[in-house]
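Source file: my_file.cif; contents: mmCIF, C-alpha atoms.
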data_input
#
loop_
_atom_site.label_atom_id
_atom_site.label_comp_id
_atom_site.auth_asym_id
_atom_site.auth_seq_id
_atom_site.Cartn_x
_atom_site.Cartn_y
_atom_site.Cartn_z
CA THR A 1 -72.82 59.18 2.84
CA LEU A 2 -70.04 59.13 5.36
CA PRO A 3 -68.52 55.82 6.50
CA ASP A 4 -69.45 54.35 9.87
CA ASN A 5 -67.16 54.94 12.79
CA ALA A 6 -66.79 52.40 15.56
CA VAL A 7 -67.92 53.67 18.93
CA PRO A 8 -67.30 51.96 22.30
CA GLY A 9 -69.77 49.29 23.17
CA GLY A 10 -69.61 47.84 19.71
CA THR A 11 -72.42 49.96 18.34
CA LEU A 12 -72.08 51.73 15.04
CA CYS A 13 -72.72 55.37 14.56
CA ARG A 14 -72.68 57.68 11.63
CA ARG A 15 -71.31 61.15 11.94
CA ARG A 16 -73.69 63.84 10.77
CA SER A 17 -73.32 67.51 10.81
CA ARG A 18 -76.41 68.11 12.90
CA VAL A 19 -78.74 65.88 14.90
CA LEU A 20 -82.27 67.17 15.09
CA GLN A 21 -85.32 65.94 16.88
CA ALA A 22 -87.62 64.44 14.26
CA THR A 23 -90.50 66.60 15.38
CA ARG A 24 -88.59 69.70 14.36
CA ILE A 25 -88.08 70.91 10.83
CA PHE A 26 -85.44 68.93 9.08
CA HIS A 27 -82.49 70.17 7.03
CA THR A 28 -83.41 73.78 6.54
CA GLY A 29 -80.66 76.16 5.59
CA GLN A 30 -77.00 75.39 5.15
CA PRO A 31 -75.65 72.68 7.41
CA ASN A 32 -72.90 74.04 9.59
CA LEU A 33 -70.09 71.63 8.87
CA ALA A 34 -67.11 73.29 10.42
CA PRO A 35 -67.30 72.85 14.21
CA VAL A 36 -68.75 69.37 14.57
CA PRO A 37 -70.28 69.13 18.04
CA PRO A 38 -68.66 66.47 20.26
CA LEU A 39 -70.39 63.19 20.99
CA PRO A 40 -72.45 63.15 24.18
CA GLU A 41 -71.11 61.01 27.01
CA HIS A 42 -74.19 58.89 27.50
CA GLY A 43 -76.82 58.89 24.81
CA GLY A 44 -80.53 58.38 25.15
CA LYS A 45 -81.43 56.51 28.29
CA VAL A 46 -83.04 53.13 27.95
CA ARG A 47 -84.61 50.90 30.58
CA PHE A 48 -84.26 47.12 30.46
CA GLY A 49 -82.14 47.66 27.37
CA LEU A 50 -85.31 47.87 25.30
CA LEU A 51 -87.67 50.61 26.31
CA PRO A 52 -86.55 54.21 25.90
CA GLU A 53 -86.86 56.56 28.83
CA GLU A 54 -89.14 58.86 26.87
CA PHE A 55 -91.89 56.29 27.10
CA PHE A 56 -91.74 56.31 30.88
CA GLN A 57 -91.66 60.10 30.96
CA PHE A 58 -94.58 60.18 28.57
CA LEU A 59 -96.72 58.13 30.95
CA TYR A 60 -95.50 59.73 34.15
CA PRO A 61 -97.96 62.68 34.34
CA LYS A 62 -100.95 60.40 33.97
CA THR A 63 -99.99 57.27 35.82
CA GLY A 64 -97.01 58.09 38.00
CA VAL A 65 -93.99 55.87 38.36
CA THR A 66 -95.61 52.44 38.26
CA GLY A 67 -97.70 53.15 35.18
CA PRO A 68 -95.45 51.68 32.53
CA TYR A 69 -94.65 48.64 34.69
CA VAL A 70 -98.31 47.89 35.21
CA LEU A 71 -98.87 48.37 31.50
CA GLY A 72 -96.06 45.96 30.73
CA THR A 73 -97.34 43.37 33.17
CA GLY A 74 -100.85 43.63 31.78
CA LEU A 75 -99.65 43.28 28.25
CA ILE A 76 -97.55 40.20 29.02
CA LEU A 77 -100.42 38.54 30.90
CA ARG A 78 -102.79 39.27 28.04
CA LEU A 79 -100.38 37.84 25.53
CA LEU A 80 -100.01 34.70 27.55
CA SER A 81 -103.65 34.20 28.39
CA LYS A 82 -104.94 34.93 24.94
CA GLU A 83 -102.16 32.75 23.58
CA ILE A 84 -100.97 35.40 21.27
CA TYR A 85 -97.65 34.20 22.61
CA ALA A 86 -97.89 30.46 23.27
CA ILE A 87 -95.59 28.69 25.68
CA THR A 88 -93.86 26.04 23.64
CA PRO A 89 -90.57 24.20 24.15
CA GLU A 90 -89.07 26.97 22.16
CA THR A 91 -90.02 29.36 24.94
CA PHE A 92 -87.59 27.71 27.34
CA SER A 93 -84.74 27.84 24.85
CA VAL A 94 -85.56 31.52 24.30
CA ILE A 95 -85.57 32.13 28.03
CA SER A 96 -82.25 30.39 28.54
CA THR A 97 -80.63 32.13 25.59
CA ILE A 98 -81.78 35.56 26.62
CA GLY A 99 -80.88 34.85 30.23
CA PHE A 100 -77.40 33.82 29.19
CA LEU A 101 -76.95 36.93 27.05
CA VAL A 102 -78.16 39.18 29.84
CA TYR A 103 -75.80 37.49 32.27
CA ILE A 104 -72.84 37.94 29.91
CA VAL A 105 -73.65 41.57 29.26
CA LYS A 106 -74.10 42.34 32.92
CA LYS A 107 -70.88 40.64 33.88
CA HIS A 108 -68.50 41.79 31.17
CA GLY A 109 -70.18 44.79 29.64
CA ALA A 110 -68.23 47.31 31.66
CA SER A 111 -64.84 45.80 30.88
CA VAL A 112 -65.58 45.61 27.17
CA GLY A 113 -66.66 49.22 27.29
CA GLU A 114 -63.44 50.20 29.03
CA PHE A 115 -61.37 48.35 26.49
CA ALA A 116 -63.11 50.10 23.65
CA ASP A 117 -62.72 53.40 25.48
CA LYS A 118 -59.02 52.76 25.79
CA LEU A 119 -58.70 52.08 22.08
CA ASN A 120 -60.56 55.27 21.32
CA GLU A 121 -58.39 57.20 23.71
CA GLN A 122 -55.27 55.87 22.05
CA LYS A 123 -56.51 57.07 18.71
CA ILE A 124 -57.36 60.46 20.13
CA ALA A 125 -54.00 60.64 21.88
CA GLN A 126 -52.23 59.96 18.60
CA LEU A 127 -54.12 62.69 16.86
CA GLU A 128 -53.53 65.00 19.79
CA GLU A 129 -49.81 64.24 19.56
CA VAL A 130 -49.77 65.16 15.93
CA LYS A 131 -51.63 68.35 16.67
CA GLN A 132 -49.28 69.22 19.52
CA ALA A 133 -46.26 68.47 17.38
CA SER A 134 -47.45 70.75 14.63
CA ILE A 135 -48.32 73.45 17.16
CA LYS A 136 -44.84 73.14 18.66
CA GLN A 137 -43.27 73.31 15.23
CA ILE A 138 -45.14 76.44 14.41
CA GLN A 139 -44.27 77.91 17.78
CA ASP A 140 -40.59 77.19 17.18
CA ALA A 141 -40.82 78.82 13.80
CA ILE A 142 -42.43 81.86 15.39
CA ASP A 143 -39.70 82.06 18.02
CA MET A 144 -36.98 81.78 15.42
CA GLU A 145 -38.64 84.51 13.39
CA LYS A 146 -38.79 86.71 16.47
CA SER A 147 -35.17 86.11 17.31
CA GLN A 148 -34.15 86.87 13.76
CA GLN A 149 -36.15 90.04 13.86
CA ALA A 150 -34.37 90.95 17.07
CA LEU A 151 -31.06 90.24 15.37
CA VAL A 152 -31.97 92.65 12.65
CA GLN A 153 -32.30 95.31 15.32
CA LYS A 154 -28.76 94.59 16.44
CA ARG A 155 -27.22 94.84 13.01
CA HIS A 156 -25.81 98.24 13.81
CA TYR A 157 -23.30 96.55 16.11
CA LEU A 158 -21.96 94.72 13.08
CA PHE A 159 -21.66 97.95 11.18
CA ASP A 160 -19.95 99.62 14.14
CA VAL A 161 -17.41 96.84 14.30
CA GLN A 162 -16.76 97.12 10.61
CA ARG A 163 -16.39 100.86 10.88
CA ASN A 164 -13.96 100.44 13.76
CA ASN A 165 -11.96 97.94 11.79
CA ILE A 166 -11.73 100.24 8.83
CA ALA A 167 -10.78 103.14 11.05
CA MET A 168 -8.06 101.09 12.69
CA ALA A 169 -6.73 99.94 9.34
CA LEU A 170 -6.69 103.52 8.13
CA GLU A 171 -4.85 104.64 11.22
CA VAL A 172 -2.36 101.83 10.95
CA THR A 173 -1.58 102.65 7.35
CA TYR A 174 -1.33 106.30 8.23
CA ARG A 175 1.15 105.61 10.98
CA GLU A 176 3.06 103.21 8.81
CA GLN A 177 3.41 105.83 6.14
CA LEU A 178 4.32 108.41 8.72
CA HIS A 179 7.03 106.15 9.99
CA ARG A 180 8.24 105.59 6.48
CA VAL A 181 8.38 109.28 5.88
CA TYR A 182 10.32 109.74 9.06
CA ARG A 183 12.73 107.01 8.11
CA GLU A 184 13.25 108.37 4.64
CA VAL A 185 13.84 111.85 5.92
CA LYS A 186 16.19 110.59 8.59
CA ASN A 187 18.01 108.59 5.94
CA ARG A 188 18.59 111.62 3.80
CA LEU A 189 19.63 113.77 6.68
CA ASP A 190 21.98 111.08 7.90
CA TYR A 191 23.47 110.95 4.47
CA HIS A 192 24.06 114.64 4.38
CA ILE A 193 25.37 114.63 7.90
CA SER A 194 27.73 111.77 7.20
CA VAL A 195 28.87 113.56 4.07
CA GLN A 196 29.47 116.65 6.12
CA ASN A 197 31.17 114.61 8.82
CA TYR A 198 33.37 113.09 6.25
CA ASP A 199 34.16 116.49 4.74
CA ALA A 200 34.76 117.80 8.22
CA SER A 201 36.99 114.90 9.05
CA GLU A 202 38.82 115.52 5.81
CA GLY A 203 39.08 119.12 6.83
CA THR A 204 40.27 118.24 10.35
CA ARG A 205 42.80 115.84 9.03
CA ALA A 206 43.90 118.54 6.69
CA HIS A 207 43.81 121.04 9.58
CA ASP A 208 45.44 118.62 11.93
CA LYS A 209 48.55 119.54 10.26
CA LEU A 210 47.63 123.04 11.19
CA GLY A 211 46.50 121.80 14.63
CA GLY A 212 43.11 123.14 15.42
CA GLU A 213 39.73 121.85 16.29
CA ALA A 214 37.91 125.07 15.77
CA CYS A 215 36.30 123.81 12.67
CA GLY A 216 35.74 120.42 14.20
CA ALA A 217 32.57 121.59 15.68
CA GLU A 218 30.90 120.78 12.45
CA HIS A 219 30.30 117.31 13.79
CA LEU A 220 26.76 116.73 13.55
CA CYS A 221 24.75 114.17 15.12
CA THR A 222 21.24 113.24 14.92
CA ALA A 223 19.20 112.51 17.89
CA GLY A 224 17.98 108.98 18.21
CA GLU A 225 14.45 107.94 17.72
CA GLY A 226 13.66 109.41 21.06
CA ASN A 227 10.87 111.75 21.90
CA SER A 228 12.10 114.73 19.90
CA ARG A 229 12.63 114.29 16.27
CA GLN A 230 14.56 117.52 15.98
CA VAL A 231 17.63 117.29 13.89
CA HIS A 232 20.27 119.83 14.59
CA CYS A 233 22.02 120.86 11.47
CA ARG A 234 23.89 123.94 10.52
CA SER A 235 25.00 123.47 6.99
CA LYS A 236 23.18 125.26 4.28
CA ALA A 237 22.49 122.18 2.28
CA ALA A 238 21.40 120.40 5.37
CA ARG A 239 19.38 123.44 6.34
CA LYS A 240 17.60 123.27 3.03
CA GLU A 241 16.92 119.66 3.61
CA GLY A 242 16.34 120.49 7.19
CA SER A 243 13.72 123.07 6.38
CA SER A 244 11.96 120.65 4.20
CA SER A 245 12.45 117.83 6.68
CA ALA A 246 11.57 120.18 9.47
CA SER A 247 8.48 120.93 7.59
CA TYR A 248 7.93 117.17 7.34
CA VAL A 249 8.77 116.66 10.94
CA ASN A 250 6.97 119.71 12.09
CA THR A 251 3.87 118.72 10.29
CA SER A 252 4.03 115.42 12.05
CA ILE A 253 3.84 117.01 15.43
CA PRO A 254 0.62 118.90 15.06
CA ILE A 255 -0.88 115.80 13.51
CA LYS A 256 0.49 113.71 16.33
CA THR A 257 -1.00 116.05 18.87
CA ALA A 258 -4.19 116.04 16.93
CA ARG A 259 -4.21 112.23 17.00
CA ASN A 260 -3.48 112.21 20.69
CA SER A 261 -6.23 114.62 21.48
CA MET B 1 -97.51 63.06 18.66
CA ASP B 2 -100.09 65.33 17.21
CA VAL B 3 -102.01 62.42 15.70
CA LYS B 4 -104.49 60.65 17.94
CA LEU B 5 -104.23 56.90 18.09
CA ARG B 6 -107.74 56.47 16.71
CA GLU B 7 -106.89 58.44 13.60
CA LEU B 8 -103.68 56.55 12.94
CA PRO B 9 -104.79 54.53 9.86
CA ILE B 10 -106.36 57.61 8.30
CA TRP B 11 -103.23 59.59 9.05
CA ILE B 12 -100.99 56.94 7.46
CA LEU B 13 -103.13 56.85 4.35
CA MET B 14 -103.13 60.63 4.23
CA GLN B 15 -99.38 60.78 3.56
CA ASP B 16 -98.42 60.91 -0.11
CA PHE B 17 -96.40 57.86 -0.99
CA ILE B 18 -93.82 59.46 -3.19
CA PRO B 19 -90.28 57.98 -2.96
CA LYS B 20 -88.87 61.17 -1.55
CA GLY B 21 -91.51 61.21 1.17
CA ILE B 22 -90.75 57.62 2.15
CA ALA B 23 -87.06 58.39 2.22
CA VAL B 24 -87.75 61.36 4.46
CA VAL B 25 -89.80 59.16 6.78
CA PHE B 26 -86.99 56.66 7.09
CA GLN B 27 -84.50 59.46 7.66
CA LYS B 28 -86.65 60.89 10.39
CA GLY B 29 -86.98 57.51 12.00
CA TYR B 30 -83.25 56.98 11.80
CA TYR B 31 -82.57 60.32 13.38
CA GLN B 32 -84.96 59.48 16.16
CA TYR B 33 -82.97 56.34 16.77
CA TYR B 34 -79.67 58.15 16.32
CA LYS B 35 -79.51 59.40 19.87
CA TYR B 36 -79.28 55.85 21.18
CA LEU B 37 -76.30 55.17 18.97
CA SER B 38 -73.96 58.13 19.06
CA MET B 39 -72.43 58.37 22.48
CA LYS B 40 -68.98 58.03 23.98
CA LYS B 41 -69.84 55.44 26.63
CA GLY B 42 -71.77 53.03 24.44
CA ASN B 43 -74.66 50.91 25.51
CA VAL B 44 -76.08 47.56 24.57
CA ALA B 45 -79.46 49.25 24.17
CA GLY B 46 -78.52 50.68 20.79
CA LEU B 47 -78.12 47.20 19.40
CA SER B 48 -80.69 45.31 21.43
CA MET B 49 -83.52 47.64 20.49
CA VAL B 50 -82.93 46.93 16.83
CA LEU B 51 -82.82 43.19 17.44
CA ALA B 52 -85.96 43.22 19.56
CA ALA B 53 -87.78 45.18 16.88
CA TYR B 54 -86.63 42.63 14.31
CA VAL B 55 -87.84 39.75 16.44
CA LEU B 56 -91.22 41.37 16.89
CA PHE B 57 -91.51 42.10 13.20
CA ASN B 58 -90.78 38.48 12.28
CA ARG B 59 -93.22 37.21 14.86
CA CYS B 60 -95.90 39.43 13.43
CA ARG B 61 -95.13 38.15 9.93
CA SER B 62 -95.28 34.49 10.95
CA TYR B 63 -98.18 34.76 13.40
CA LYS B 64 -100.45 32.69 11.19
CA GLU B 65 -98.12 29.69 11.16
CA LEU B 66 -97.40 30.01 14.87
CA LYS B 67 -101.12 30.02 15.63
CA GLN B 68 -101.16 26.29 15.11
CA GLU B 69 -98.80 25.75 18.04
CA GLN B 70 -101.29 26.98 20.58
CA PRO B 71 -101.83 24.17 23.10
CA SER B 72 -105.39 25.06 24.15
CA GLU B 73 -108.15 25.54 21.68
CA TYR B 74 -110.31 28.11 23.36
CA HIS B 75 -108.99 31.11 25.15
#
Rewritten as structure tokens:
Amino acid sequence: TLPDNAVPGGTLCRRRSRVLQATRIFHTGQPNLAPVPPLPEHGGKVRFGLLPEEFFQFLYPKTGVTGPYVLGTGLILRLLSKEIYAITPETFSVISTIGFLVYIVKKHGASVGEFADKLNEQKIAQLEEVKQASIKQIQDAIDMEKSQQALVQKRHYLFDVQRNNIAMALEVTYREQLHRVYREVKNRLDYHISVQNYDASEGTRAHDKLGGEACGAEHLCTAGEGNSRQVHCRSKAARKEGSSSASYVNTSIPIKTARNS
Amino acid sequence: MDVKLRELPIWILMQDFIPKGIAVVFQKGYYQYYKYLSMKKGNVAGLSMVLAAYVLFNRCRSYKELKQEQPSEYH
């Protein structure tokens, strides 16, 4: 059987799954263990600490309110007169003992009850704390789960950022390579131009003796890295290069416009 | 109860005294008493009723010896 649990007032009680009136059928069917009903606040009423209230209610229809009292008085007088209970010196010690006990109970019963109630409440509060803590824990877990689920919804931002990064890197490399191409082409053209300039200068120096700058107009210059990347060149070799470089450069422009659009 | 007071001895003898029956009787009695025990705001009645019953029981057992203490002879 189950162990006894202390209950306020110092009385012992034993927890059972179901409390039945003894007149009813006893222990039929499966006992319902799961929701144990809570203890009642005040149990069966008792008068004088000895006689249960049911006795008074039992006699009430026949004899009214004073019935049980008259019965009690009659019984006590009969006991005394018939000497079923004899008055001995022991009687007085019994009277004083019981009187003392009654006095103690009446005086301090309530405070003892409150103390026991407080102990019980502490126990219940502890258990309640544990329950609340576990509930809170579970609630926190639920909230975290929810937030993580919400995060999953926002994953596409991450992917967008990554896509943007990749696109930017691609564009940067493209522009870098474009710039390299431009530089290489410019290099070659500069080379040819400088070669031509040199030849021209050779020619002018040679023609200086003849005195004429007519052929000096072969000076070529490249435009800076300004807006237009057009290179003016007239020599055939340069034109060949120029056509190819023009093709390079010209291809850059439609792409550039395409990028800008 | 359904048994009249006059028929009480016959009714007691009518019960079959098998161990299980006696156990059931004690269980029933305990459950009748249970409602004076199990409550939140306890009472002294739960304890005092048991003690009073014990006192009475012992007095009944030792009535023969106590009969000699009667002061008067005829009552």
In the coordinates of the file, take the point (-80.2, 49.8, 20.8) and a cut-off of 9 Å; then, counting all atoms listed in the file, name each qualifying protein, DNA or RNA residue as a list in words.
Thr11, Val46, Gly49 and Leu50 of chain A; Tyr33, Tyr36, Leu37, Asn43, Val44, Ala45, Gly46, Leu47, Ser48, Met49, Val50, Leu51 and Ala52 of chain B
C-alpha atoms of the current selection, written as a PDB file, keeping the file's coordinate frame:
ATOM      1  CA  THR A  11     -72.420  49.960  18.340  1.00  0.00           C
ATOM      2  CA  VAL A  46     -83.040  53.130  27.950  1.00  0.00           C
ATOM      3  CA  GLY A  49     -82.140  47.660  27.370  1.00  0.00           C
ATOM      4  CA  LEU A  50     -85.310  47.870  25.300  1.00  0.00           C
TER       5      LEU A  50
ATOM      6  CA  TYR B  33     -82.970  56.340  16.770  1.00  0.00           C
ATOM      7  CA  TYR B  36     -79.280  55.850  21.180  1.00  0.00           C
ATOM      8  CA  LEU B  37     -76.300  55.170  18.970  1.00  0.00           C
ATOM      9  CA  ASN B  43     -74.660  50.910  25.510  1.00  0.00           C
ATOM     10  CA  VAL B  44     -76.080  47.560  24.570  1.00  0.00           C
ATOM     11  CA  ALA B  45     -79.460  49.250  24.170  1.00  0.00           C
ATOM     12  CA  GLY B  46     -78.520  50.680  20.790  1.00  0.00           C
ATOM     13  CA  LEU B  47     -78.120  47.200  19.400  1.00  0.00           C
ATOM     14  CA  SER B  48     -80.690  45.310  21.430  1.00  0.00           C
ATOM     15  CA  MET B  49     -83.520  47.640  20.490  1.00  0.00           C
ATOM     16  CA  VAL B  50     -82.930  46.930  16.830  1.00  0.00           C
ATOM     17  CA  LEU B  51     -82.820  43.190  17.440  1.00  0.00           C
ATOM     18  CA  ALA B  52     -85.960  43.220  19.560  1.00  0.00           C
TER      19      ALA B  52
END
Show me the residues close to (-67.3, 49.2, 28.5) - anything with an atom within 9 Å, counting all atoms listed in the file - and format the list as a ChimeraX atom specification.
/A:8-9,108-117 /B:41-43
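The closest residue to B:Cys60, picked from A:Tyr174, A:Tyr191, A:Tyr182, A:Tyr85 and counting only C-alpha atoms, is A:Tyr85.
Nearest to chain B of all the residues A:Ala133, A:Ile138, A:Val65, A:Leu80 is A:Leu80, counting all atoms listed in the file.
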Suppose a student applies the PyMOL selection byres ((chain A and resi 82) around 12) to this structure; what residues should they get, written as a list in words?
Gly74, Leu75, Ile76, Leu77, Arg78, Leu79, Leu80, Ser81, Glu83, Ile84, Tyr85, Ala86 and Ile87 of chain A; Lys67, Gln70, Pro71, Ser72, Glu73, Tyr74 and His75 of chain B
Pick from B:Ile22, B:Leu5, B:Met39, B:Met14 nearest to chain A, counting all atoms listed in the file
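Result for the nearest residue to chain A: B:Met39.
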Return the padded bounding box of stretch 59-63 of chain B as lines of an AutoDock Vina configuration file: axis-aligned, built from all atoms listed in the file, 8 Å added on each side, with centre and edge lengths in Å to one decimal.
center_x = -95.7
center_y = 37.0
center_z = 12.4
size_x = 21.0
size_y = 20.9
size_z = 20.9
Calculate how many Å separate atom CA of B:Ala53 from atom CA of A:Val70, rounding to one decimal.
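Calculated distance between atom CA of B:Ala53 and atom CA of A:Val70 is 21.3 Å.
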Matched chain/residue IDs from the PyMOL selection byres ((chain B and resi 35) around 10), as a PyMOL selection string:
(chain A and resi 13+19-21+39-40+42-45) or (chain B and resi 30-34+36-39+46)
Smallest atom-to-atom distance to chain B: which of A:Pro61, A:Pro89, A:Gly72, A:Gly99, using only C-alpha atoms?
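Using only C-alpha atoms, chain B sits closest to A:Pro89.
Proximity ranking of B:Lys40, B:Lys64, B:Arg59, B:Lys4 relative to chain A places B:Lys40 first, based on only C-alpha atoms.
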Between atom CA of A:Phe56 and atom CA of A:Tyr69, what is the distance, to one decimal in Å?
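Distance between the two atoms: 9.0 Å.
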Nearest residue to chain B out of A:Gln57, A:Thr73, A:Asn120, A:Thr204, using all atoms listed in the file?
A:Asn120
